[in-house]
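Quick look at entry_37.pdb (PDB, C-alpha atoms):
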ATOM      1  CA  MET A   1      10.456 -13.509 -27.014
ATOM      2  CA  ASN A   2       7.143 -13.053 -25.264
ATOM      3  CA  GLU A   3       6.685 -10.004 -23.088
ATOM      4  CA  PRO A   4       6.153 -11.647 -19.659
ATOM      5  CA  ALA A   5       9.274 -13.796 -20.078
ATOM      6  CA  GLU A   6      11.332 -10.741 -20.984
ATOM      7  CA  PHE A   7       9.843  -8.844 -18.063
ATOM      8  CA  TRP A   8      10.708 -11.660 -15.684
ATOM      9  CA  ARG A   9      14.311 -11.840 -16.853
ATOM     10  CA  THR A  10      14.699  -8.071 -16.579
ATOM     11  CA  ALA A  11      13.009  -8.040 -13.182
ATOM     12  CA  MET A  12      15.287 -10.792 -11.892
ATOM     13  CA  ARG A  13      18.367  -8.993 -13.113
ATOM     14  CA  LYS A  14      17.346  -5.717 -11.561
ATOM     15  CA  GLY A  15      16.281  -7.285  -8.309
ATOM     16  CA  MET A  16      12.548  -7.606  -8.916
ATOM     17  CA  GLY A  17      12.116  -4.240  -7.300
ATOM     18  CA  ASP A  18      12.756  -1.730 -10.043
ATOM     19  CA  THR A  19       9.143  -0.548 -10.212
ATOM     20  CA  ALA A  20       8.036   2.911 -11.258
ATOM     21  CA  PHE A  21       6.354   3.432  -7.908
ATOM     22  CA  LEU A  22       9.395   2.495  -5.799
ATOM     23  CA  ARG A  23      11.515   4.849  -7.914
ATOM     24  CA  ALA A  24       8.915   7.601  -7.451
ATOM     25  CA  LEU A  25       9.044   7.094  -3.662
ATOM     26  CA  GLY A  26      12.845   7.277  -3.788
ATOM     27  CA  GLY A  27      13.412   3.738  -2.470
ATOM     28  CA  ILE A  28      16.859   2.161  -2.904
ATOM     29  CA  LEU A  29      17.306  -1.596  -3.364
ATOM     30  CA  GLU A  30      20.146  -2.619  -1.076
ATOM     31  CA  GLY A  31      19.978  -6.380  -1.222
ATOM     32  CA  TYR A  32      18.199  -9.206  -2.914
ATOM     33  CA  ALA A  33      19.175 -12.882  -2.762
ATOM     34  CA  GLU A  34      18.126 -16.335  -1.605
ATOM     35  CA  GLY A  35      14.685 -15.436  -0.345
ATOM     36  CA  ARG A  36      15.600 -12.137   1.292
ATOM     37  CA  GLY A  37      15.295  -8.500   0.301
ATOM     38  CA  ARG A  38      16.374  -5.144   1.715
ATOM     39  CA  ILE A  39      15.207  -1.630   0.747
ATOM     40  CA  ARG A  40      16.254   1.743   2.151
ATOM     41  CA  LEU A  41      13.885   4.681   1.955
ATOM     42  CA  PRO A  42      15.464   8.087   2.561
ATOM     43  CA  PHE A  43      13.096  10.497   4.282
ATOM     44  CA  GLN A  44      11.432  13.038   1.982
ATOM     45  CA  PRO A  45       8.825  15.659   2.929
ATOM     46  CA  PHE A  46       6.240  14.426   0.378
ATOM     47  CA  LEU A  47       6.006  11.071   2.212
ATOM     48  CA  VAL A  48       4.463  12.704   5.297
ATOM     49  CA  GLY A  49       0.977  11.524   6.282
ATOM     50  CA  ASN A  50       0.536  13.570   9.436
ATOM     51  CA  PRO A  51       1.506  17.228   8.948
ATOM     52  CA  ASP A  52       1.331  17.846  12.729
ATOM     53  CA  THR A  53       3.953  15.251  13.647
ATOM     54  CA  GLY A  54       5.866  14.780  10.366
ATOM     55  CA  VAL A  55       5.292  11.001  10.544
ATOM     56  CA  ILE A  56       5.203   9.320   7.127
ATOM     57  CA  HIS A  57       1.921   7.923   5.748
ATOM     58  CA  GLY A  58       1.091   4.293   6.544
ATOM     59  CA  GLY A  59       0.590   3.712   2.825
ATOM     60  CA  VAL A  60       4.306   4.342   2.234
ATOM     61  CA  LEU A  61       5.123   1.481   4.603
ATOM     62  CA  THR A  62       2.495  -0.670   2.868
ATOM     63  CA  ALA A  63       4.172  -0.047  -0.487
ATOM     64  CA  LEU A  64       7.679  -0.822   0.754
ATOM     65  CA  LEU A  65       6.667  -3.922   2.705
ATOM     66  CA  ASP A  66       4.636  -5.260  -0.242
ATOM     67  CA  GLN A  67       7.551  -4.678  -2.578
ATOM     68  CA  ALA A  68      10.210  -6.116  -0.246
ATOM     69  CA  CYS A  69       8.132  -9.237   0.426
ATOM     70  CA  GLY A  70       7.523  -9.705  -3.297
ATOM     71  CA  MET A  71      11.276  -9.368  -3.906
ATOM     72  CA  ALA A  72      11.988 -12.032  -1.294
ATOM     73  CA  VAL A  73       9.674 -14.386  -3.190
ATOM     74  CA  GLY A  74      11.264 -13.454  -6.527
ATOM     75  CA  SER A  75      14.755 -14.217  -5.243
ATOM     76  CA  ALA A  76      13.629 -17.583  -3.866
ATOM     77  CA  LEU A  77      11.893 -18.812  -7.031
ATOM     78  CA  ARG A  78      13.530 -21.574  -9.044
ATOM     79  CA  MET A  79      11.112 -21.234 -11.982
ATOM     80  CA  PRO A  80       9.986 -18.011 -13.689
ATOM     81  CA  ALA A  81       6.570 -16.942 -12.377
ATOM     82  CA  MET A  82       4.460 -13.856 -12.057
ATOM     83  CA  ILE A  83       4.040 -12.830  -8.421
ATOM     84  CA  ALA A  84       0.782 -11.202  -7.274
ATOM     85  CA  THR A  85      -0.006 -10.093  -3.718
ATOM     86  CA  LEU A  86      -2.964 -12.043  -2.311
ATOM     87  CA  ASP A  87      -3.112 -10.410   1.087
ATOM     88  CA  LEU A  88      -0.994  -8.202   3.265
ATOM     89  CA  ARG A  89      -1.311  -7.587   6.998
ATOM     90  CA  ILE A  90       0.684  -4.888   8.729
ATOM     91  CA  ASP A  91       1.059  -4.342  12.477
ATOM     92  CA  TYR A  92       2.223  -0.836  13.284
ATOM     93  CA  MET A  93       4.384  -1.296  16.388
ATOM     94  CA  LYS A  94       5.379   2.363  16.869
ATOM     95  CA  PRO A  95       5.370   5.613  14.867
ATOM     96  CA  ALA A  96       8.286   6.152  12.493
ATOM     97  CA  GLN A  97      10.666   8.918  13.565
ATOM     98  CA  PRO A  98      10.278  11.970  11.296
ATOM     99  CA  GLU A  99      13.154  12.930   9.003
ATOM    100  CA  THR A 100      14.815   9.542   9.434
ATOM    101  CA  ASP A 101      15.500   6.835   6.827
ATOM    102  CA  LEU A 102      13.491   3.629   6.906
ATOM    103  CA  ILE A 103      14.948   0.191   6.271
ATOM    104  CA  ILE A 104      12.789  -2.699   5.120
ATOM    105  CA  GLU A 105      13.964  -6.310   5.331
ATOM    106  CA  SER A 106      11.962  -9.244   4.075
ATOM    107  CA  GLU A 107      12.162 -13.011   4.039
ATOM    108  CA  CYS A 108      10.321 -15.683   2.126
ATOM    109  CA  LEU A 109       9.277 -18.359   4.629
ATOM    110  CA  LYS A 110       7.908 -20.932   2.216
ATOM    111  CA  ILE A 111       7.184 -21.424  -1.448
ATOM    112  CA  ALA A 112       4.330 -23.873  -1.879
ATOM    113  CA  HIS A 113       2.966 -25.016  -5.224
ATOM    114  CA  GLU A 114       0.989 -21.878  -6.068
ATOM    115  CA  VAL A 115       1.438 -19.687  -2.999
ATOM    116  CA  ALA A 116       4.386 -18.063  -1.222
ATOM    117  CA  PHE A 117       4.459 -16.902   2.415
ATOM    118  CA  THR A 118       6.585 -13.993   3.627
ATOM    119  CA  ARG A 119       7.431 -11.667   6.527
ATOM    120  CA  GLY A 120       8.613  -8.081   6.296
ATOM    121  CA  TYR A 121      10.151  -5.765   8.883
ATOM    122  CA  ALA A 122      10.334  -1.963   8.768
ATOM    123  CA  PHE A 123      12.752  -0.295  11.178
ATOM    124  CA  GLN A 124      14.952   2.744  11.675
ATOM    125  CA  THR A 125      17.534   1.439  14.166
ATOM    126  CA  THR A 126      17.622  -2.353  14.364
ATOM    127  CA  ARG A 127      15.220  -5.062  13.267
ATOM    128  CA  ASP A 128      14.585  -5.873  16.970
ATOM    129  CA  ASP A 129      12.931  -2.479  17.324
ATOM    130  CA  PRO A 130      10.508  -2.443  14.379
ATOM    131  CA  VAL A 131       8.216   0.342  13.247
ATOM    132  CA  ALA A 132       6.009  -2.225  11.488
ATOM    133  CA  ILE A 133       5.866  -5.935  10.744
ATOM    134  CA  ALA A 134       4.113  -7.382   7.705
ATOM    135  CA  THR A 135       2.788 -10.799   6.822
ATOM    136  CA  ALA A 136       2.161 -11.130   3.097
ATOM    137  CA  THR A 137       0.981 -13.999   0.921
ATOM    138  CA  PHE A 138       1.519 -14.137  -2.835
ATOM    139  CA  MET A 139      -0.034 -16.125  -5.674
ATOM    140  CA  LEU A 140       2.444 -17.574  -8.142
ATOM    141  CA  THR A 141       1.602 -18.074 -11.806
ATOM    142  CA  PRO A 142       4.277 -19.917 -13.795
ATOM    143  CA  LEU A 143       5.044 -18.101 -17.044
ATOM    144  CA  ASP A 144       4.096 -21.098 -19.194
ATOM    145  CA  ALA A 145       0.685 -21.194 -17.447
ATOM    146  CA  LEU A 146       0.367 -17.464 -18.044
ATOM    147  CA  ALA A 147       1.037 -17.965 -21.760
ATOM    148  CA  GLN A 148      -1.679 -20.664 -21.830
ATOM    149  CA  MET A 149      -4.143 -18.300 -20.148
ATOM    150  CA  GLU A 150      -3.419 -15.573 -22.665
ATOM    151  CA  LYS A 151      -4.089 -17.899 -25.593
ATOM    152  CA  ARG A 152      -7.576 -18.767 -24.318
TER     153      ARG A 152
ATOM    154  CA  MET B   1      -4.651  20.933  13.642
ATOM    155  CA  GLU B   2      -7.252  23.487  12.727
ATOM    156  CA  LEU B   3      -7.809  21.913   9.314
ATOM    157  CA  LEU B   4      -8.627  18.613  10.943
ATOM    158  CA  ALA B   5     -11.095  20.204  13.325
ATOM    159  CA  ARG B   6     -12.844  21.773  10.335
ATOM    160  CA  ALA B   7     -12.716  18.486   8.370
ATOM    161  CA  GLY B   8     -14.799  16.859  11.094
ATOM    162  CA  GLU B   9     -17.514  19.485  10.887
ATOM    163  CA  GLN B  10     -20.796  18.973   9.086
ATOM    164  CA  GLY B  11     -20.544  19.868   5.421
ATOM    165  CA  ALA B  12     -16.768  20.379   5.597
ATOM    166  CA  ASP B  13     -14.747  19.876   2.403
ATOM    167  CA  PRO B  14     -12.555  16.780   2.861
ATOM    168  CA  ASN B  15     -10.372  18.029  -0.008
ATOM    169  CA  ALA B  16      -8.916  20.617   2.358
ATOM    170  CA  LEU B  17      -7.708  17.740   4.534
ATOM    171  CA  LEU B  18      -6.287  15.769   1.574
ATOM    172  CA  ALA B  19      -4.488  18.860   0.302
ATOM    173  CA  ALA B  20      -2.900  19.378   3.747
ATOM    174  CA  VAL B  21      -1.421  15.851   3.806
ATOM    175  CA  PRO B  22       1.696  15.856   1.591
ATOM    176  CA  TYR B  23       1.548  12.150   0.641
ATOM    177  CA  CYS B  24      -2.166  12.354  -0.309
ATOM    178  CA  ALA B  25      -1.544  15.423  -2.457
ATOM    179  CA  TRP B  26       1.420  13.658  -4.097
ATOM    180  CA  LEU B  27      -0.719  10.605  -4.913
ATOM    181  CA  GLY B  28      -3.278  12.950  -6.513
ATOM    182  CA  LEU B  29      -6.246  12.019  -4.300
ATOM    183  CA  PHE B  30      -9.512  13.941  -4.522
ATOM    184  CA  ALA B  31     -12.681  13.584  -2.466
ATOM    185  CA  ARG B  32     -16.277  13.945  -3.581
ATOM    186  CA  ILE B  33     -19.641  13.429  -1.932
ATOM    187  CA  GLU B  34     -22.081  11.207  -3.809
ATOM    188  CA  ASP B  35     -25.534  10.550  -2.295
ATOM    189  CA  GLY B  36     -24.141  11.512   1.099
ATOM    190  CA  ALA B  37     -21.198   9.100   0.794
ATOM    191  CA  LEU B  38     -17.575  10.263   0.847
ATOM    192  CA  ILE B  39     -15.673   8.797  -2.106
ATOM    193  CA  LEU B  40     -11.983   9.218  -2.929
ATOM    194  CA  ASP B  41     -10.810   9.324  -6.549
ATOM    195  CA  MET B  42      -7.247   8.649  -7.684
ATOM    196  CA  PRO B  43      -6.549   9.425 -11.364
ATOM    197  CA  PHE B  44      -4.052   7.140 -13.085
ATOM    198  CA  ASP B  45      -0.460   8.350 -13.250
ATOM    199  CA  PRO B  46       2.516   6.410 -14.689
ATOM    200  CA  LYS B  47       4.430   6.766 -11.401
ATOM    201  CA  LEU B  48       1.816   4.537  -9.701
ATOM    202  CA  ILE B  49       2.751   1.451 -11.746
ATOM    203  CA  GLY B  50       4.044  -1.661  -9.994
ATOM    204  CA  ASN B  51       3.916  -4.135 -12.884
ATOM    205  CA  PRO B  52       4.626  -2.651 -16.336
ATOM    206  CA  VAL B  53       3.590  -5.783 -18.272
ATOM    207  CA  LEU B  54      -0.073  -5.992 -17.258
ATOM    208  CA  PRO B  55       0.168  -2.954 -16.568
ATOM    209  CA  ALA B  56      -1.012  -2.808 -12.955
ATOM    210  CA  LEU B  57      -0.902  -0.285 -10.135
ATOM    211  CA  HIS B  58       1.556  -1.042  -7.314
ATOM    212  CA  GLY B  59       0.030  -2.970  -4.389
ATOM    213  CA  GLY B  60       1.252  -0.187  -2.143
ATOM    214  CA  VAL B  61      -0.688   2.398  -4.153
ATOM    215  CA  VAL B  62      -3.838   0.335  -3.681
ATOM    216  CA  GLY B  63      -3.083   0.046   0.042
ATOM    217  CA  SER B  64      -2.397   3.775   0.324
ATOM    218  CA  LEU B  65      -5.726   4.693  -1.291
ATOM    219  CA  LEU B  66      -7.660   2.232   0.910
ATOM    220  CA  GLU B  67      -5.981   3.276   4.163
ATOM    221  CA  THR B  68      -6.606   6.935   3.316
ATOM    222  CA  ALA B  69     -10.288   6.238   2.521
ATOM    223  CA  ALA B  70     -10.751   4.511   5.899
ATOM    224  CA  LEU B  71      -8.858   7.290   7.689
ATOM    225  CA  VAL B  72     -10.685  10.192   6.025
ATOM    226  CA  GLN B  73     -14.034   8.512   6.670
ATOM    227  CA  THR B  74     -13.068   8.117  10.339
ATOM    228  CA  ILE B  75     -12.052  11.777  10.658
ATOM    229  CA  TRP B  76     -15.175  12.880   8.767
ATOM    230  CA  GLU B  77     -17.549  10.879  10.990
ATOM    231  CA  THR B  78     -15.861  11.220  14.374
ATOM    232  CA  GLY B  79     -14.602  14.791  14.046
ATOM    233  CA  ALA B  80     -11.230  13.584  15.376
ATOM    234  CA  ALA B  81      -9.001  16.501  16.388
ATOM    235  CA  THR B  82      -5.773  14.620  15.646
ATOM    236  CA  VAL B  83      -4.998  12.170  12.829
ATOM    237  CA  PRO B  84      -6.025   8.676  14.047
ATOM    238  CA  ARG B  85      -3.043   6.285  14.207
ATOM    239  CA  PRO B  86      -3.210   2.879  12.492
ATOM    240  CA  VAL B  87      -2.719  -0.125  14.787
ATOM    241  CA  ASP B  88      -3.069  -2.919  12.267
ATOM    242  CA  ILE B  89      -4.379  -3.227   8.715
ATOM    243  CA  THR B  90      -5.175  -6.076   6.334
ATOM    244  CA  ILE B  91      -5.570  -5.736   2.583
ATOM    245  CA  ASP B  92      -7.108  -8.405   0.362
ATOM    246  CA  TYR B  93      -6.112  -8.048  -3.279
ATOM    247  CA  LEU B  94      -9.052  -9.324  -5.333
ATOM    248  CA  ARG B  95      -8.245  -8.265  -8.900
ATOM    249  CA  SER B  96      -5.281  -6.583 -10.537
ATOM    250  CA  ALA B  97      -5.571  -2.803 -10.362
ATOM    251  CA  ARG B  98      -5.381  -1.531 -13.920
ATOM    252  CA  ALA B  99      -3.972   1.707 -15.342
ATOM    253  CA  LEU B 100      -7.266   3.524 -14.749
ATOM    254  CA  THR B 101      -8.832   5.973 -12.321
ATOM    255  CA  SER B 102      -9.470   4.265  -8.980
ATOM    256  CA  HIS B 103     -12.173   4.943  -6.406
ATOM    257  CA  ALA B 104     -12.441   4.047  -2.732
ATOM    258  CA  ARG B 105     -14.971   4.360   0.044
ATOM    259  CA  GLY B 106     -14.376   3.893   3.762
ATOM    260  CA  PHE B 107     -16.796   2.697   6.436
ATOM    261  CA  ILE B 108     -16.687   2.723  10.224
ATOM    262  CA  VAL B 109     -17.502  -0.780  11.430
ATOM    263  CA  ARG B 110     -17.480   0.134  15.108
ATOM    264  CA  GLN B 111     -16.462   3.257  16.954
ATOM    265  CA  GLY B 112     -15.220   2.786  20.494
ATOM    266  CA  ARG B 113     -13.963   5.429  22.884
ATOM    267  CA  ARG B 114     -10.294   4.840  22.038
ATOM    268  CA  VAL B 115     -10.275   2.781  18.861
ATOM    269  CA  VAL B 116     -12.193   2.616  15.592
ATOM    270  CA  ALA B 117     -12.619  -0.531  13.509
ATOM    271  CA  ALA B 118     -12.876   0.550   9.876
ATOM    272  CA  ARG B 119     -13.035  -1.017   6.451
ATOM    273  CA  ALA B 120     -12.735   0.245   2.874
ATOM    274  CA  GLU B 121     -13.388  -0.952  -0.654
ATOM    275  CA  MET B 122     -11.616   0.017  -3.863
ATOM    276  CA  TRP B 123     -12.951  -0.313  -7.392
ATOM    277  CA  GLN B 124     -12.217   1.031 -10.872
ATOM    278  CA  GLU B 125     -14.735   0.975 -13.751
ATOM    279  CA  ASP B 126     -17.367  -1.194 -12.057
ATOM    280  CA  ALA B 127     -18.281  -0.686  -8.382
ATOM    281  CA  ALA B 128     -19.676  -4.230  -8.348
ATOM    282  CA  LYS B 129     -16.193  -5.595  -9.086
ATOM    283  CA  PRO B 130     -14.001  -4.609  -6.135
ATOM    284  CA  VAL B 131     -10.258  -4.520  -6.838
ATOM    285  CA  ALA B 132      -9.225  -4.703  -3.175
ATOM    286  CA  SER B 133     -10.702  -4.523   0.303
ATOM    287  CA  PHE B 134      -9.229  -3.225   3.527
ATOM    288  CA  ARG B 135      -9.926  -3.529   7.228
ATOM    289  CA  GLY B 136      -8.010  -2.022  10.091
ATOM    290  CA  HIS B 137      -8.012  -0.403  13.508
ATOM    291  CA  PHE B 138      -7.168   3.228  14.269
ATOM    292  CA  LEU B 139      -6.416   4.760  17.658
ATOM    293  CA  LEU B 140      -8.215   8.042  18.364
ATOM    294  CA  GLY B 141      -6.589  10.935  20.193
TER     295      GLY B 141
END

Go ahead and render the structure in this file as structure tokens.
Amino acid sequence: MNEPAEFWRTAMRKGMGDTAFLRALGGILEGYAEGRGRIRLPFQPFLVGNPDTGVIHGGVLTALLDQACGMAVGSALRMPAMIATLDLRIDYMKPAQPETDLIIESECLKIAHEVAFTRGYAFQTTRDDPVAIATATFMLTPLDALAQMEKR
Amino acid sequence: MELLARAGEQGADPNALLAAVPYCAWLGLFARIEDGALILDMPFDPKLIGNPVLPALHGGVVGSLLETAALVQTIWETGAATVPRPVDITIDYLRSARALTSHARGFIVRQGRRVVAARAEMWQEDAAKPVASFRGHFLLG
């Protein structure tokens, strides 16, 4: 079996989110189905970006939102494809509370032929009171197309 | 923060600032000055992987490096006494980020009284082939 196909199957089984970096951050995959994803990130001191306030680094939110949005796409796909982030916009609505878990929820809005559109929400209480909102777009490469590209 | 005040001074070592920020230290970021420009380096580490097949760095790692480059540049140029707060950011992913050392440089596009518009570029082996670009706004004070 070729490596990308095996990767895709494994990724699907594990929830598309079992990446080394998410594990290193300590993120926990809580849900993953039908175009939606949910990750919990327990607070840890090494995530802090502002030592004065204890607020976590914006890059941590970027990582979680990127991952959650990618998972939403993965769970919505009907055909195996590699998913690559094309662009990601994040609006920081308010600072995250220090020493408090973060929850990330994502939804895939649309899967077009080669592109998928998503939204992601980071919050600590309810989704109506977000810390950050993301809009992310992904390029899709079907695995058979990927195999063709590798041959060339 | 005293460190921050010093980071904004002429000739200050931005590595003192990076070392004081837990997440930056954890990512393994270092700063260097090349021809007067402040450049951040991020050596490859297996924990930074987002796609093991290619293999490629996680999109969030790329975003973290870029946001930090824009932020450190802003602190370095403005002498901000508190860490500027991001309002919004956009990252364009141009090429897959490989399992290599990454570099990033930030630029201030416009400095207002309350807000800074900044951008940043990330590259790996070839500075002429950017891996990702960033733009965003930061609130001062």

Determine, counting only C-alpha atoms, which protein, DNA and RNA residues have an atom within 8 Å of an atom of Leu40 of chain B; residues of the same chain fewer than 4 positions away are not included. Present the result as a list in words.
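Within the cut-off, the hits are Leu29, Phe30, Ala31, Arg32, Leu65, Ala69, His103, Ala104 and Arg105 of chain B.
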
Let me see the file: selected residues, C-alpha atoms, as a tab-separated table (two decimals), in the frame of the given file.
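The resulting file, out-v1.tsv, is reproduced below:
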chain	number	residue	atom	x	y	z
B	29	LEU	CA	-6.25	12.02	-4.30
B	30	PHE	CA	-9.51	13.94	-4.52
B	31	ALA	CA	-12.68	13.58	-2.47
B	32	ARG	CA	-16.28	13.94	-3.58
B	65	LEU	CA	-5.73	4.69	-1.29
B	69	ALA	CA	-10.29	6.24	2.52
B	103	HIS	CA	-12.17	4.94	-6.41
B	104	ALA	CA	-12.44	4.05	-2.73
B	105	ARG	CA	-14.97	4.36	0.04

Using all atoms listed in the file, pick whichever of A:Ala76, A:Ala136, A:Val131, A:Leu47 has the shortest atom-to-atom distance to Leu88 of chain A.
A:Ala136

Using all atoms listed in the file, which of the listed residues (A:Tyr32, A:Tyr92, A:Phe43, A:Phe123) sits closest to Cys108 of chain A?
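When distances to Cys108 of chain A are compared using all atoms listed in the file, the smallest one comes from A:Tyr32.
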
Selection near segment 41-52 of chain B, 8 Å with only C-alpha atoms, sequence-local residues under 2 positions removed, as a compact mmCIF listing (two decimals) with C-alpha atoms, in the coordinates of the input:
# COMPACT_ATOMS: atom_id res chain seq x y z
CA THR A 19 9.14 -0.55 -10.21
CA ALA A 20 8.04 2.91 -11.26
CA PHE A 21 6.35 3.43 -7.91
CA LEU A 22 9.40 2.50 -5.80
CA ALA A 24 8.91 7.60 -7.45
CA LEU B 27 -0.72 10.60 -4.91
CA GLY B 28 -3.28 12.95 -6.51
CA LEU B 29 -6.25 12.02 -4.30
CA PHE B 30 -9.51 13.94 -4.52
CA ALA B 31 -12.68 13.58 -2.47
CA ARG B 32 -16.28 13.94 -3.58
CA ILE B 39 -15.67 8.80 -2.11
CA LEU B 54 -0.07 -5.99 -17.26
CA PRO B 55 0.17 -2.95 -16.57
CA ALA B 56 -1.01 -2.81 -12.96
CA LEU B 57 -0.90 -0.28 -10.14
CA HIS B 58 1.56 -1.04 -7.31
CA GLY B 59 0.03 -2.97 -4.39
CA VAL B 61 -0.69 2.40 -4.15
CA LEU B 65 -5.73 4.69 -1.29
CA ALA B 99 -3.97 1.71 -15.34
CA LEU B 100 -7.27 3.52 -14.75
CA THR B 101 -8.83 5.97 -12.32
CA SER B 102 -9.47 4.26 -8.98
CA HIS B 103 -12.17 4.94 -6.41
CA ALA B 104 -12.44 4.05 -2.73

May I have the protein, DNA and RNA residues with any atom at most 8 Å from the point (-11.4, -4.6, -2.5), counting all atoms listed in the file, written as number ranges by chain?
B: 91-94, 120-123, 130-134

For the file shown, report as an mmCIF file with C-alpha atoms, keeping the file's coordinate frame the outcome of the PyMOL selection byres ((chain A) within 8 of (chain B)) at residue level.
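Now in selection36.cif:
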data_model
loop_
_atom_site.group_PDB
_atom_site.id
_atom_site.type_symbol
_atom_site.label_atom_id
_atom_site.label_comp_id
_atom_site.auth_asym_id
_atom_site.auth_seq_id
_atom_site.Cartn_x
_atom_site.Cartn_y
_atom_site.Cartn_z
ATOM 1 C CA GLU A 3 6.685 -10.004 -23.088
ATOM 2 C CA PRO A 4 6.153 -11.647 -19.659
ATOM 3 C CA PHE A 7 9.843 -8.844 -18.063
ATOM 4 C CA THR A 19 9.143 -0.548 -10.212
ATOM 5 C CA ALA A 20 8.036 2.911 -11.258
ATOM 6 C CA PHE A 21 6.354 3.432 -7.908
ATOM 7 C CA LEU A 22 9.395 2.495 -5.799
ATOM 8 C CA ALA A 24 8.915 7.601 -7.451
ATOM 9 C CA PRO A 45 8.825 15.659 2.929
ATOM 10 C CA PHE A 46 6.240 14.426 0.378
ATOM 11 C CA LEU A 47 6.006 11.071 2.212
ATOM 12 C CA VAL A 48 4.463 12.704 5.297
ATOM 13 C CA GLY A 49 0.977 11.524 6.282
ATOM 14 C CA ASN A 50 0.536 13.570 9.436
ATOM 15 C CA PRO A 51 1.506 17.228 8.948
ATOM 16 C CA ASP A 52 1.331 17.846 12.729
ATOM 17 C CA ILE A 56 5.203 9.320 7.127
ATOM 18 C CA HIS A 57 1.921 7.923 5.748
ATOM 19 C CA GLY A 58 1.091 4.293 6.544
ATOM 20 C CA GLY A 59 0.590 3.712 2.825
ATOM 21 C CA VAL A 60 4.306 4.342 2.234
ATOM 22 C CA LEU A 61 5.123 1.481 4.603
ATOM 23 C CA THR A 62 2.495 -0.670 2.868
ATOM 24 C CA ALA A 63 4.172 -0.047 -0.487
ATOM 25 C CA LEU A 64 7.679 -0.822 0.754
ATOM 26 C CA ASP A 66 4.636 -5.260 -0.242
ATOM 27 C CA GLN A 67 7.551 -4.678 -2.578
ATOM 28 C CA THR A 85 -0.006 -10.093 -3.718
ATOM 29 C CA LEU A 86 -2.964 -12.043 -2.311
ATOM 30 C CA ASP A 87 -3.112 -10.410 1.087
ATOM 31 C CA LEU A 88 -0.994 -8.202 3.265
ATOM 32 C CA ARG A 89 -1.311 -7.587 6.998
ATOM 33 C CA ILE A 90 0.684 -4.888 8.729
ATOM 34 C CA ASP A 91 1.059 -4.342 12.477
ATOM 35 C CA TYR A 92 2.223 -0.836 13.284
ATOM 36 C CA MET A 93 4.384 -1.296 16.388
#

Might you spell out which residues the PyMOL selection byres ((chain B and resi 74) around 8) would select in the displayed file, as a PyMOL selection string?
chain B and resi 70-73+75-80+84+106-108+116+118

Evaluate the PyMOL selection byres ((chain A and resi 105) around 12) on the structure here and hand back the selected residues as number ranges by chain.
A: 29-33, 35-41, 61, 64-72, 102-104, 106-108, 118-124, 126-128, 130-134

What gap, in Å, lies between atom CA of Leu139 of chain B and atom CA of Leu17 of chain B?
18.5 Å

Atomic separation - atom CA of Arg23 of chain A relative to atom CA of Thr137 of chain A, Å:
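Distance between the two atoms: 23.3 Å.
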
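Between atom CA of Pro98 of chain A and atom CA of Asp129 of chain A there is a distance of 15.9 Å.
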
Point out the residue among A:Lys94, A:Ile83, A:Thr100, A:Phe117 with the least atom-to-atom distance to Leu140 of chain A, counting all atoms listed in the file.
A:Ile83

Can you pull out every residue within 7 Å of Ala116 of chain A, counting only C-alpha atoms, but drop anything in the same chain fewer than 2 positions away, and send it as an MDAnalysis selection string?
chainID A and resid 73 110:112 118 137:139

Can you write out the residues you just picked, keeping C-alpha atoms, as a PDB file, in the frame of the given file?
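Output contents, as saved in part.pdb:
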ATOM      1  CA  VAL A  73       9.674 -14.386  -3.190  1.00  0.00           C
ATOM      2  CA  LYS A 110       7.908 -20.932   2.216  1.00  0.00           C
ATOM      3  CA  ILE A 111       7.184 -21.424  -1.448  1.00  0.00           C
ATOM      4  CA  ALA A 112       4.330 -23.873  -1.879  1.00  0.00           C
ATOM      5  CA  THR A 118       6.585 -13.993   3.627  1.00  0.00           C
ATOM      6  CA  THR A 137       0.981 -13.999   0.921  1.00  0.00           C
ATOM      7  CA  PHE A 138       1.519 -14.137  -2.835  1.00  0.00           C
ATOM      8  CA  MET A 139      -0.034 -16.125  -5.674  1.00  0.00           C
TER       9      MET A 139
END
